[in-house]
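Visitor: Got input_39.cif for you, mmCIF, C-alpha atoms:
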```cif
data_final
#
loop_
_atom_site.label_atom_id
_atom_site.label_comp_id
_atom_site.auth_asym_id
_atom_site.auth_seq_id
_atom_site.Cartn_x
_atom_site.Cartn_y
_atom_site.Cartn_z
CA MET K 835 116.97 -19.27 42.97
CA ASN K 836 115.77 -15.82 41.93
CA ASP K 837 118.55 -13.38 42.85
CA ALA K 838 116.32 -10.31 42.67
CA ARG K 839 116.84 -8.02 45.68
CA LEU K 840 114.99 -5.01 46.94
CA PRO K 841 116.24 -1.72 45.46
CA GLN K 842 116.39 -0.15 48.94
CA MET K 843 117.12 -1.71 52.31
CA GLU K 844 114.05 -2.37 54.44
CA THR K 845 114.11 -2.58 58.22
CA TRP K 846 112.26 -5.56 59.70
CA ARG K 847 111.82 -6.92 63.20
CA PHE K 848 113.40 -10.28 64.00
CA ILE K 849 111.86 -12.16 66.92
CA ASP K 850 113.26 -15.48 68.14
CA SER K 851 110.60 -16.67 70.59
CA GLY K 852 112.33 -19.94 71.44
CA TYR K 853 110.07 -22.75 72.63
CA ARG K 854 106.47 -21.93 73.63
CA ASP K 855 103.31 -23.95 73.99
CA GLY K 856 100.89 -24.17 71.08
CA TYR K 857 98.37 -21.66 72.42
CA GLU K 858 100.99 -18.98 72.97
CA ASN K 859 102.65 -19.63 69.62
CA MET K 860 99.46 -19.16 67.63
CA ALA K 861 98.41 -16.23 69.82
CA ILE K 862 101.71 -14.43 69.18
CA ASP K 863 101.38 -14.82 65.41
CA LEU K 864 97.86 -13.43 65.58
CA ALA K 865 98.84 -10.62 67.97
CA LEU K 866 101.67 -9.55 65.66
CA THR K 867 99.20 -9.45 62.77
CA GLU K 868 96.49 -7.54 64.63
CA SER K 869 99.04 -5.04 66.01
CA TYR K 870 100.86 -4.45 62.72
CA ARG K 871 102.02 -0.83 62.41
CA GLY K 872 103.99 -0.87 59.17
CA THR K 873 107.23 -2.65 60.13
CA PRO K 874 107.35 -6.27 58.86
CA THR K 875 108.33 -9.09 61.22
CA LEU K 876 110.18 -12.36 60.76
CA ARG K 877 109.57 -14.58 63.77
CA VAL K 878 111.02 -18.04 64.49
CA TYR K 879 109.93 -20.43 67.22
CA GLY K 880 109.63 -24.00 68.46
CA TRP K 881 106.92 -25.97 70.30
CA LYS K 882 107.11 -27.31 73.84
CA PRO K 883 105.23 -29.46 74.60
CA PRO K 884 104.57 -30.91 71.13
CA ALA K 885 101.29 -29.75 69.64
CA ILE K 886 98.88 -30.54 66.85
CA SER K 887 97.65 -27.45 65.07
CA LEU K 888 94.44 -27.57 63.08
CA GLY K 889 93.57 -25.40 60.11
CA PHE K 890 91.13 -22.57 60.82
CA HIS K 891 88.09 -24.46 59.49
CA GLN K 892 89.13 -27.99 60.45
CA SER K 893 87.01 -30.01 62.88
CA LEU K 894 88.15 -31.21 66.29
CA LEU K 895 86.37 -34.44 65.38
CA ASP K 896 89.39 -35.29 63.23
CA LEU K 897 91.43 -35.91 66.39
CA ASP K 898 91.39 -38.35 69.28
CA LEU K 899 91.51 -35.65 71.96
CA THR K 900 91.70 -38.17 74.80
CA ARG K 901 94.87 -39.73 73.44
CA CYS K 902 96.37 -36.28 72.77
CA ALA K 903 95.79 -35.35 76.43
CA GLU K 904 97.18 -38.65 77.70
CA ASP K 905 100.40 -38.14 75.73
CA GLY K 906 100.78 -34.45 76.61
CA ILE K 907 100.07 -33.22 73.09
CA ASP K 908 98.53 -29.73 72.92
CA VAL K 909 95.79 -29.13 70.36
CA VAL K 910 95.30 -25.63 68.98
CA TYR K 911 93.70 -23.89 66.03
CA ARG K 912 95.89 -21.95 63.61
CA PRO K 913 94.71 -18.55 62.37
CA THR K 914 95.46 -19.83 58.85
CA GLY K 915 93.95 -22.62 56.78
CA GLY K 916 95.23 -26.05 55.84
CA ARG K 917 95.02 -29.34 57.68
CA ALA K 918 96.46 -30.95 60.82
CA VAL K 919 100.20 -30.77 61.61
CA LEU K 920 102.07 -32.35 64.52
CA HIS K 921 104.71 -29.84 65.64
CA ALA K 922 107.64 -31.51 67.38
CA ALA K 923 111.06 -31.77 65.69
CA GLU K 924 110.87 -28.58 63.65
CA ILE K 925 111.43 -24.86 63.57
CA THR K 926 108.48 -22.69 62.62
CA TYR K 927 108.70 -19.34 60.87
CA ALA K 928 106.13 -16.55 60.65
CA VAL K 929 106.21 -13.47 58.43
CA VAL K 930 103.89 -10.53 58.98
CA LEU K 931 103.96 -7.71 56.43
CA GLY K 932 101.79 -5.11 54.73
CA PRO K 933 101.79 -2.80 51.71
CA GLN K 934 104.70 -0.79 53.13
CA SER K 935 107.04 -3.65 52.17
CA ALA K 936 108.28 -4.28 48.65
CA LEU K 937 107.63 -8.00 49.29
CA TYR K 938 103.91 -7.27 49.49
CA ASP K 939 101.51 -8.04 46.68
CA GLN K 940 97.72 -8.15 46.54
CA ARG K 941 98.03 -11.65 45.09
CA ILE K 942 98.83 -14.60 47.34
CA LEU K 943 101.36 -16.47 45.22
CA PRO K 944 103.92 -13.66 44.62
CA VAL K 945 104.21 -13.08 48.37
CA TYR K 946 104.46 -16.82 48.92
CA GLU K 947 107.31 -17.07 46.41
CA ARG K 948 109.20 -14.11 47.88
CA ILE K 949 109.05 -15.53 51.38
CA SER K 950 110.13 -18.92 50.01
CA GLN K 951 113.15 -17.31 48.35
CA GLY K 952 114.26 -16.00 51.74
CA ILE K 953 113.93 -19.48 53.23
CA LEU K 954 115.80 -21.00 50.30
CA ALA K 955 118.67 -18.55 50.82
CA ALA K 956 118.83 -19.60 54.47
CA LEU K 957 118.88 -23.32 53.74
CA GLN K 958 121.43 -22.99 50.97
CA GLN K 959 123.82 -21.43 53.50
CA LEU K 960 123.52 -24.73 55.36
CA TYR K 961 124.20 -26.73 52.17
CA ILE K 962 120.68 -28.18 52.05
CA PRO K 963 119.85 -29.38 48.50
CA ILE K 964 116.29 -28.06 48.13
CA ALA K 965 114.23 -26.10 45.63
CA PHE K 966 110.98 -24.14 45.38
CA GLU K 967 108.92 -26.47 43.23
CA ARG K 968 106.37 -24.77 40.96
CA ALA K 969 105.27 -27.90 39.09
CA GLY K 970 101.77 -29.30 39.37
CA LYS K 971 100.83 -31.98 41.85
CA ASN K 972 101.49 -35.62 41.30
CA PRO K 973 98.33 -37.36 40.02
CA GLN K 974 98.40 -39.57 43.12
CA ASN K 975 97.10 -36.86 45.44
CA TYR K 976 95.60 -37.57 48.85
CA SER K 977 94.62 -34.00 49.76
CA GLN K 978 90.96 -34.99 49.52
CA GLY K 979 89.07 -37.99 50.83
CA GLU K 980 90.01 -40.19 53.73
CA LEU K 981 93.58 -38.85 54.06
CA GLY K 982 92.45 -35.26 53.72
CA SER K 983 92.93 -34.44 57.43
CA LEU K 984 96.72 -34.56 56.96
CA CYS K 985 98.56 -31.37 56.02
CA TYR K 986 101.33 -33.33 54.31
CA ALA K 987 98.96 -35.51 52.31
CA ALA K 988 99.34 -33.48 49.12
CA SER K 989 102.32 -33.74 46.82
CA VAL K 990 104.60 -30.75 46.45
CA LYS K 991 103.07 -27.81 44.61
CA TYR K 992 104.41 -24.32 45.20
CA GLU K 993 106.30 -25.71 48.19
CA ILE K 994 109.93 -25.99 49.25
CA GLY K 995 111.03 -29.58 48.94
CA HIS K 996 113.46 -32.14 47.58
CA ALA K 997 112.71 -34.49 44.69
CA GLY K 998 108.96 -33.96 45.01
CA ARG K 999 108.90 -34.42 48.80
CA LYS K 1000 107.79 -31.61 51.10
CA LEU K 1001 110.26 -30.10 53.55
CA ILE K 1002 108.12 -27.11 54.52
CA GLY K 1003 104.36 -26.80 54.84
CA SER K 1004 103.17 -23.18 54.80
CA ALA K 1005 99.87 -21.32 54.96
CA GLN K 1006 98.95 -17.70 54.29
CA ARG K 1007 96.01 -15.55 55.34
CA ARG K 1008 95.10 -11.92 54.77
CA PHE K 1009 93.75 -9.71 57.55
CA GLY K 1010 92.65 -6.70 55.55
CA ASP K 1011 95.86 -5.63 53.81
CA VAL K 1012 98.14 -7.39 56.34
CA VAL K 1013 99.68 -10.76 55.41
CA LEU K 1014 100.37 -13.54 57.89
CA GLN K 1015 102.32 -16.48 56.50
CA HIS K 1016 103.77 -19.17 58.70
CA GLY K 1017 105.09 -22.65 58.15
CA SER K 1018 106.79 -25.71 59.62
CA ILE K 1019 110.36 -26.53 58.59
CA LEU K 1020 110.81 -30.22 59.37
CA MET K 1021 114.02 -31.11 61.20
CA GLY K 1022 113.16 -34.71 62.18
CA GLN K 1023 110.49 -37.30 61.47
CA GLU K 1024 108.27 -36.87 64.53
CA HIS K 1025 105.58 -35.32 62.31
CA LEU K 1026 104.84 -38.84 61.06
CA LYS K 1027 103.30 -39.67 64.45
CA LEU K 1028 100.32 -37.43 63.63
CA VAL K 1029 98.37 -40.42 62.34
CA ASP K 1030 98.46 -41.94 65.86
CA TYR K 1031 96.29 -39.07 67.09
CA LEU K 1032 93.64 -39.03 64.41
CA SER K 1033 90.18 -40.18 65.40
CA ARG K 1034 90.22 -43.04 62.91
CA GLN K 1035 91.82 -46.05 64.63
CA ASP K 1036 91.91 -48.67 61.84
CA ALA K 1037 95.42 -50.17 61.89
CA GLN K 1038 95.58 -50.71 58.11
CA TRP K 1039 94.59 -47.09 57.50
CA GLN K 1040 97.28 -45.88 59.91
CA ARG K 1041 99.96 -47.94 58.16
CA THR K 1042 98.86 -46.55 54.78
CA ALA K 1043 98.84 -42.98 56.08
CA LYS K 1044 102.30 -43.25 57.65
CA LYS K 1045 103.72 -44.80 54.50
CA MET K 1046 102.23 -42.03 52.39
CA MET K 1047 103.60 -39.29 54.68
CA LEU K 1048 107.05 -40.90 54.65
CA GLN K 1049 107.00 -40.96 50.85
CA LYS K 1050 105.84 -37.35 50.54
CA THR K 1051 107.95 -35.60 53.17
CA VAL K 1052 111.61 -35.10 53.89
CA CYS K 1053 113.33 -33.49 56.87
CA LEU K 1054 116.43 -31.33 57.17
CA ASN K 1055 118.47 -33.88 59.02
CA ASP K 1056 117.88 -36.37 56.19
CA LEU K 1057 119.47 -33.86 53.80
CA SER K 1058 122.03 -31.98 55.88
CA PRO K 1059 125.72 -32.96 55.82
CA ALA K 1060 125.70 -32.62 59.64
CA PRO K 1061 122.91 -32.63 62.25
CA LEU K 1062 121.30 -29.21 62.64
CA THR K 1063 120.05 -27.49 65.78
CA TYR K 1064 117.22 -25.02 66.29
CA GLU K 1065 119.78 -22.29 67.01
CA GLN K 1066 121.69 -22.90 63.77
CA LEU K 1067 118.52 -22.78 61.70
CA ALA K 1068 117.21 -19.66 63.44
CA LEU K 1069 120.45 -17.80 62.67
CA ALA K 1070 120.41 -19.05 59.07
CA LEU K 1071 116.83 -17.84 58.54
CA ARG K 1072 117.73 -14.38 59.77
CA ALA K 1073 120.83 -14.23 57.57
CA GLY K 1074 119.06 -15.71 54.53
CA PHE K 1075 116.21 -13.22 54.56
CA ALA K 1076 118.63 -10.35 55.12
CA TRP K 1077 120.83 -11.39 52.20
CA GLN K 1078 118.11 -12.35 49.74
CA TRP K 1079 115.96 -9.26 50.24
CA ASN K 1080 118.44 -6.61 51.43
CA LEU K 1081 116.84 -6.41 54.88
CA ASN K 1082 118.05 -4.87 58.12
CA LEU K 1083 116.65 -7.39 60.60
CA LEU K 1084 116.69 -5.88 64.08
CA GLU K 1085 116.40 -8.27 67.01
CA ASP K 1086 113.26 -7.42 68.91
CA GLY K 1087 110.66 -8.66 71.40
CA LEU K 1088 106.95 -8.19 71.78
CA THR K 1089 105.58 -4.77 72.64
CA ALA K 1090 103.33 -4.27 75.66
CA GLU K 1091 100.32 -4.21 73.33
CA GLU K 1092 101.40 -7.47 71.68
CA ARG K 1093 102.03 -9.17 75.03
CA ASP K 1094 98.57 -8.18 76.27
CA LYS K 1095 96.91 -9.44 73.09
CA THR K 1096 98.92 -12.66 73.26
CA ARG K 1097 97.66 -13.42 76.77
CA ARG K 1098 94.04 -12.80 75.83
CA LEU K 1099 94.24 -14.73 72.56
CA ALA K 1100 96.08 -17.69 74.13
CA ASP K 1101 93.40 -17.97 76.83
CA ALA K 1102 90.68 -17.90 74.18
CA LEU K 1103 92.40 -20.57 72.08
CA ARG K 1104 92.82 -22.82 75.12
CA ARG K 1105 89.17 -22.40 76.17
CA GLU K 1106 87.97 -23.27 72.67
CA ILE K 1107 89.76 -26.62 72.81
CA GLU K 1108 88.71 -27.33 76.40
CA GLN K 1109 85.06 -26.69 75.50
CA GLY K 1110 85.45 -29.21 72.68
CA SER K 1111 82.95 -27.66 70.27
CA PRO K 1112 83.92 -28.65 66.70
CA ARG K 1113 84.01 -25.82 64.19
CA GLU K 1114 81.85 -26.06 61.11
CA THR K 1115 83.90 -27.17 58.12
#
```
Could you write out this structure as structure tokens?
Guide:
Amino acid sequence: MNDARLPQMETWRFIDSGYRDGYENMAIDLALTESYRGTPTLRVYGWKPPAISLGFHQSLLDLDLTRCAEDGIDVVYRPTGGRAVLHAAEITYAVVLGPQSALYDQRILPVYERISQGILAALQQLYIPIAFERAGKNPQNYSQGELGSLCYAASVKYEIGHAGRKLIGSAQRRFGDVVLQHGSILMGQEHLKLVDYLSRQDAQWQRTAKKMMLQKTVCLNDLSPAPLTYEQLALALRAGFAWQWNLNLLEDGLTAEERDKTRRLADALRREIEQGSPRET
């Protein structure tokens, strides 16, 4: 791990949102980004009920929306790119920052690495044997073609993982000079059930997809010496970022402006899914 630390302490907001539905979770991340006023935020949260999030340009046609509804699975668009993720047994992080922070860079990858170093510091406190893997992708890569609707289809590249298997899937987007990066930290194996909700119903394809995802992902409770809870991981993330980057992380909640934006954005995200109009890919 890179032990570089910021020369001066920065003050950040720390928001533990607990468990929210998918529309509110994505709306909060977007509201924090749109309302950014110069103080970076580290937010952690869970999903209740479970939800499938789609990348910004992904099509609703990739999913069996009827089965999602029958099983109580929310469907929502992320404000970032990437492919479908089933959010269930996980903790999700979001970082919002701008040029006022020393973690900022105009390039995507340096910011990605700095955020990953904070996550690594958190997980190493919990004795999780992981690394930020910079190596190229394995030649057997399913990120395109018939398995391309799965976020975890690609091998590890610039991701946090263990022995070439992804533990965390992250995505980053710029809104002017403000960065939003968020990602799923897998705690259990419920993410493998995503293939049950894809629009393709061929049984052989589903078996192949599940096998591939099992081979290419790993979860915290496969690696941890003892079972971990959401609360333990939330505390570790706060402490890891603070230690790694010399941050003063002040516990905070949403401002009135952010709450108002969250309500409006969540309603819009819900209506988009209910209307069922697939985005152009």
Visitor: Translate the PyMOL selection byres ((chain K and resi 862) around 10) into a concrete residue list for this structure, as number ranges by chain.
Guide: K: 851, 854, 856-861, 863-868, 877, 928, 1088, 1092-1097, 1099-1100
Visitor: Using all atoms listed in the file, which residues of segment 892-934 of chain K come within 12 Å of segment 1056-1079 of chain K, and what is the closest atom pair for each, with the distance in Å to one decimal? Give it as a tab-separated table, sorted by chain and residue number.
Guide:
```
residue	atom	partner	partner_atom	distance
K:Ala922	CA	K:Tyr1064	CA	11.6
K:Ala923	CA	K:Tyr1064	CA	9.2
K:Glu924	CA	K:Tyr1064	CA	7.7
K:Ile925	CA	K:Tyr1064	CA	6.4
K:Thr926	CA	K:Ala1068	CA	9.3
K:Tyr927	CA	K:Leu1071	CA	8.6
K:Ala928	CA	K:Leu1071	CA	11.0
K:Val929	CA	K:Phe1075	CA	10.7
```
Visitor: So, counting all atoms listed in the file, which residue among K:Leu1081, K:Cys902, K:Ala997, K:Leu920 is closest to Ile886 of chain K?
Guide: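 Residue with the minimum atom-to-atom distance to Ile886 of chain K: K:Leu920.
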Visitor: Looking at all atoms listed in the file, which of K:Ile994, K:Leu1032, K:Val930, K:Leu1048 is the one that sits closest to Val909 of chain K?
Guide: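 Looking at the shortest contact to Val909 of chain K, the residue is K:Leu1032.
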Visitor: Give the centre and edge lengths of an axis-aligned box, in Å to one decimal, that holds all listed atoms of segment 989-1008 of chain K with 4 Å on each side, as JSON.
Guide:
```
{"center_x": 104.3, "center_y": -23.2, "center_z": 50.0, "size_x": 26.4, "size_y": 30.6, "size_z": 18.7}
```
Visitor: For atom CA of Val1012 of chain K and atom CA of Glu967 of chain K, determine how far apart the two atoms are, in Å to one decimal place.
Guide: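 Value for the atom CA of Val1012 of chain K-atom CA of Glu967 of chain K distance: 25.5 Å.
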Visitor: As an exercise, work out the distance from atom CA of Gly906 of chain K to atom CA of Pro884 of chain K in Å and give it to one decimal place.
Guide: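 Computing it gives 7.5 Å between the two atoms.
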Visitor: Please determine, counting all atoms listed in the file, which residue among K:Gln1015, K:Thr900, K:Gln1040, K:Ser935 has the shortest atom-to-atom distance to Pro913 of chain K.
Guide: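 Looking at the shortest contact to Pro913 of chain K, the residue is K:Gln1015.
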Visitor: Compile the contact shell of Phe966 of chain K as a list of chain:residue names: residues with an atom at most 12 Å away, counting all atoms listed in the file, same-chain residues fewer than 6 positions apart removed.
Guide: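 After dropping sequence-adjacent residues, the list is K:Met835, K:Asn836, K:Tyr946, K:Glu947, K:Arg948, K:Ile949, K:Ser950, K:Gln951, K:Gly952, K:Ile953, K:Leu954, K:Ala955, K:Leu957, K:Gln958, K:Val990, K:Lys991, K:Tyr992, K:Glu993, K:Ile994, K:Gly995, K:His996, K:Ala997, K:Gly998, K:Arg999, K:Lys1000, K:Leu1001, K:Ile1002, K:Gly1003.
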Visitor: Could you state the separation of atom CA of Leu899 of chain K and atom CA of Ile1107 of chain K in Å, given to one decimal place?
Guide: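 Atom CA of Leu899 of chain K sits 9.2 Å away from atom CA of Ile1107 of chain K.
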Visitor: Within 10 Å of Asp1030 of chain K, counting all atoms listed in the file, which residues show up once you throw out same-chain ones fewer than 5 positions away? Write them as a PyMOL selection string, please.
Guide: chain K and resi 897-898+901-902+1035+1037+1040-1041+1043-1044
Visitor: Got a sec to resolve the PyMOL selection byres ((chain K and resi 940) around 12) on this structure and send the residues as a PDB file with C-alpha atoms, in the coordinates of the input?
Guide:
```pdb
ATOM      1  CA  LEU K 931     103.960  -7.710  56.430  1.00  0.00           C
ATOM      2  CA  GLY K 932     101.790  -5.110  54.730  1.00  0.00           C
ATOM      3  CA  PRO K 933     101.790  -2.800  51.710  1.00  0.00           C
ATOM      4  CA  SER K 935     107.040  -3.650  52.170  1.00  0.00           C
ATOM      5  CA  ALA K 936     108.280  -4.280  48.650  1.00  0.00           C
ATOM      6  CA  LEU K 937     107.630  -8.000  49.290  1.00  0.00           C
ATOM      7  CA  TYR K 938     103.910  -7.270  49.490  1.00  0.00           C
ATOM      8  CA  ASP K 939     101.510  -8.040  46.680  1.00  0.00           C
ATOM      9  CA  ARG K 941      98.030 -11.650  45.090  1.00  0.00           C
ATOM     10  CA  ILE K 942      98.830 -14.600  47.340  1.00  0.00           C
ATOM     11  CA  LEU K 943     101.360 -16.470  45.220  1.00  0.00           C
ATOM     12  CA  PRO K 944     103.920 -13.660  44.620  1.00  0.00           C
ATOM     13  CA  VAL K 945     104.210 -13.080  48.370  1.00  0.00           C
ATOM     14  CA  TYR K 946     104.460 -16.820  48.920  1.00  0.00           C
ATOM     15  CA  ARG K1007      96.010 -15.550  55.340  1.00  0.00           C
ATOM     16  CA  ARG K1008      95.100 -11.920  54.770  1.00  0.00           C
ATOM     17  CA  PHE K1009      93.750  -9.710  57.550  1.00  0.00           C
ATOM     18  CA  GLY K1010      92.650  -6.700  55.550  1.00  0.00           C
ATOM     19  CA  ASP K1011      95.860  -5.630  53.810  1.00  0.00           C
ATOM     20  CA  VAL K1012      98.140  -7.390  56.340  1.00  0.00           C
ATOM     21  CA  VAL K1013      99.680 -10.760  55.410  1.00  0.00           C
TER      22      VAL K1013
END
```
Visitor: Could you check the closest approach to Asn1055 of chain K for each of K:Leu1014, K:Arg1104, K:Leu888, K:Ile962 and tell me which residue wins, using all atoms listed in the file?
Guide: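 Ranked by minimum distance to Asn1055 of chain K, first place goes to K:Ile962.
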Visitor: Applying the PyMOL selection byres ((chain K and resi 1086) around 12) to the file I just gave you, which residues come out? Please list them as a count of residues only.
Guide: 19
